[in-house]
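This report refers to the structure that appears directly beneath it.
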Amino acid sequence: SRLRRGGAPAPSYYLQNTVLHRDEEQTGPPKPVGSFGVSCGCQVGADIASFRWDWLKDAMGGRCPQMCQLFCGHEGGFSPCHYDPQDNVFAQIRGYKRVLLFHPKHFRSLYPWPVHHPQDRQSRVDFDLPDLETFPRFAELRGQGLEAVLGPGDALHIPPGWWHHIEMLPSPPNGEVVSINFWYTAPRWFYGDARLGEAHIKWDRPLQGARRVLFQRCVEELVAPSAGAAA
């Protein structure tokens with residue numbers, strides 16, 4: 001994350017931390033991580049404990065979140081465009097954020113870093129100063145994105161595989177920007193009527209949307225060790 005002063009990048013603080021987690025065999029909402037909510041983050045822990053977990057479960061088709069993360073930053077900062085393999089419910093607590101979303105089908109136009117790169121799942125394109133000679137397909141994205149501006153109390157569902165570029169907007173009085181999110185395993189999207197049995201379900205029209213993205217990652221993970229660093 002960074003701030004820009006007179007067009008030049010400058011340091012900015014940014015915190016991203018897991019505060020709740022649920023093991024696969026665990027039932028119900030996720031539990032605090034370590035001593036969170038006991039010896040640290042007591043007020044945040046109390047606030048999270050008061051969530052309407054039943055409402056959230058119903059809204060997400062009967063699923064419980066696997067993890068809850070806390071994000072703290074400052075106006076002017078941003079998170080580079082990237083995608084996640086999990087289902088994401090993103091909620092704004094303080095300040096404002098602008099989220100620019102792109103469908104998984106635009107994977108090639110966003111030029112992600114290789115799987116084993118430290119910035120895996122992140123676009124190589126600088127959205128402020130895109131290099132169209134190096135990344136010519138990025139120009140194809142003009143008019144293809146969806147924009148959402150989030151303020152306190154707003155929530156945004158980001159499906160798995162959807163690219164998102166997040167900017168922290170001016171947030172008076174002190175510029176603080178705070179968000180939380182809830183991670184879920186990817187839903188089993190399907191076309192058809194589940195009540196009529198398996199024969200009447202066409203599972204996600206194979207290799208469409210997020211599934212195509214995840215399949216590409218699996219292939220790259222298998223090939224990269226054999227190809228070596230030169231690839």
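Note on naming: chains are A, B, ... as they come in the structure tokens, residues start from 1 per chain, ligands start from 1 in the order shown.
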> Could you pull the residues within 9 Å of Gly28 (chain A), counting only C-alpha atoms, minus those fewer than 5 positions along the same chain, as a list in words?
Replying inline: Arg22, Trp53, Cys64 and Pro65 of chain A
Include N, CA, C and O atoms and write out the residues we just selected as a PDB file, in the first residue's frame.
```
ATOM      1  N   ARG A  22     -11.724 -21.048  11.227  1.00  0.00           N
ATOM      2  CA  ARG A  22     -12.510 -22.249  11.501  1.00  0.00           C
ATOM      3  C   ARG A  22     -11.877 -23.433  10.792  1.00  0.00           C
ATOM      4  O   ARG A  22     -11.663 -23.414   9.580  1.00  0.00           O
ATOM      5  N   TRP A  53     -24.425 -13.828  13.001  1.00  0.00           N
ATOM      6  CA  TRP A  53     -23.878 -14.951  12.250  1.00  0.00           C
ATOM      7  C   TRP A  53     -24.980 -15.736  11.532  1.00  0.00           C
ATOM      8  O   TRP A  53     -24.760 -16.281  10.455  1.00  0.00           O
ATOM      9  N   CYS A  64     -20.938 -21.470   6.513  1.00  0.00           N
ATOM     10  CA  CYS A  64     -20.249 -20.697   7.545  1.00  0.00           C
ATOM     11  C   CYS A  64     -18.884 -20.272   7.008  1.00  0.00           C
ATOM     12  O   CYS A  64     -18.232 -21.039   6.288  1.00  0.00           O
ATOM     13  N   PRO A  65     -18.426 -19.062   7.341  1.00  0.00           N
ATOM     14  CA  PRO A  65     -17.118 -18.622   6.847  1.00  0.00           C
ATOM     15  C   PRO A  65     -15.982 -19.438   7.458  1.00  0.00           C
ATOM     16  O   PRO A  65     -16.080 -19.912   8.586  1.00  0.00           O
TER      17      PRO A  65
END
```
> Hey, what does DSSP flag as strand (DSSP E or B) within region 21-139 of chain A? Can you give it to me as JSON, numbers by chain?
Replying inline: {"A": [21, 31, 32, 36, 40, 67, 68, 69, 70, 71, 72, 73, 74, 78, 79, 80, 81, 82, 87, 88, 89, 90, 91, 92, 93, 94, 96, 97, 98, 99, 100, 101, 102, 112, 122, 123]}
> Suppose you want the space between CA of Leu101 (chain A) and CA of Val115 (chain A); what is it in Å?
Replying inline: 21.1 Å
>> If we count only C-alpha atoms and set the cut-off at 12 Å, which residues sit around His106 (chain A), ignoring sequence neighbours fewer than 3 positions away in its own chain? Please answer as a count of residues only.
In response: 27
> Closest to Ser171 (chain A) among A:Phe107, A:Phe78, A:Phe36, A:Tyr96, using only C-alpha atoms?
Replying inline: A:Tyr96
Could you pull out all residues of region 7-227 of chain A with a DSSP call of helix (DSSP H, G or I) and give them as a tab-separated table (two decimals) with C-alpha atoms, in the first residue's frame?
```
chain	number	residue	atom	x	y	z
A	42	CYS	CA	-10.60	-6.98	22.98
A	43	GLN	CA	-13.05	-4.38	21.68
A	44	VAL	CA	-12.78	-5.67	18.10
A	45	GLY	CA	-13.32	-9.19	19.41
A	46	ALA	CA	-16.41	-8.10	21.31
A	47	ASP	CA	-17.78	-6.34	18.21
A	48	ILE	CA	-17.24	-9.44	16.07
A	49	ALA	CA	-18.88	-11.66	18.69
A	53	TRP	CA	-23.88	-14.95	12.25
A	54	ASP	CA	-27.27	-16.51	11.49
A	55	TRP	CA	-28.05	-13.74	8.98
A	56	LEU	CA	-24.65	-14.12	7.33
A	57	LYS	CA	-25.09	-17.89	7.08
A	58	ASP	CA	-28.51	-17.53	5.45
A	59	ALA	CA	-27.20	-14.87	3.04
A	104	PRO	CA	-12.45	-14.04	-14.58
A	105	LYS	CA	-12.74	-14.18	-18.37
A	106	HIS	CA	-10.37	-11.17	-18.51
A	107	PHE	CA	-7.53	-13.27	-17.03
A	108	ARG	CA	-5.22	-12.88	-20.07
A	109	SER	CA	-5.73	-9.11	-20.25
A	110	LEU	CA	-4.55	-8.63	-16.66
A	136	PRO	CA	-1.22	-4.52	-24.95
A	137	ARG	CA	-4.31	-6.61	-24.04
A	138	PHE	CA	-4.86	-4.41	-20.98
A	139	ALA	CA	-6.42	-1.84	-23.35
A	140	GLU	CA	-9.23	-4.33	-24.03
A	141	LEU	CA	-10.51	-3.78	-20.48
A	194	ALA	CA	-30.89	-29.99	-7.73
A	195	ARG	CA	-34.27	-31.27	-6.51
A	196	LEU	CA	-34.53	-33.42	-9.64
A	198	GLU	CA	-27.73	-35.28	-10.41
A	199	ALA	CA	-28.90	-36.07	-13.94
A	200	HIS	CA	-30.56	-32.63	-14.13
A	210	ALA	CA	-13.44	-19.03	-11.90
A	211	ARG	CA	-12.99	-22.74	-12.65
A	212	ARG	CA	-11.02	-21.94	-15.79
A	213	VAL	CA	-8.73	-19.67	-13.74
A	214	LEU	CA	-8.16	-22.31	-11.06
A	215	PHE	CA	-7.52	-24.99	-13.71
A	216	GLN	CA	-4.86	-22.78	-15.29
A	217	ARG	CA	-3.19	-22.41	-11.90
A	218	CYS	CA	-3.15	-26.18	-11.37
A	219	VAL	CA	-1.51	-26.74	-14.76
A	220	GLU	CA	1.09	-24.05	-14.03
A	221	GLU	CA	1.87	-25.54	-10.62
A	222	LEU	CA	2.50	-28.92	-12.26
A	223	VAL	CA	4.60	-27.61	-15.14
A	224	ALA	CA	6.67	-24.94	-13.37
A	225	PRO	CA	8.93	-27.31	-11.32
A	226	SER	CA	9.87	-29.22	-14.47
A	227	ALA	CA	10.35	-26.10	-16.61
```
> What is the CA of Gln66 (chain A)-CA of His116 (chain A) distance in Å, reported with one decimal?
Replying inline: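 One can read the CA of Gln66 (chain A) to CA of His116 (chain A) distance as 24.2 Å.
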>> Using only C-alpha atoms for the distances, tell me which of A:Asp120, A:Asp126, A:Glu147, A:Asp154 is nearest to Val99 (chain A).
In response: A:Glu147
>> Ranking A:Arg94, A:His157, A:Arg124, A:His21 by minimum distance to Pro172 (chain A) and counting only C-alpha atoms, which one comes first?
In response: A:Arg94
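Take CA of Glu167 (chain A) and CA of Leu132 (chain A): the distance between them is 21.7 Å.
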> If you count only C-alpha atoms, which residues fall within 9 Å of Gly73 (chain A), apart from same-chain ones fewer than 2 positions away, as JSON, numbers by chain?
Replying inline: {"A": [1, 12, 13, 14, 15, 16, 71, 75, 76, 77, 78, 168, 175, 176, 177, 178, 179]}
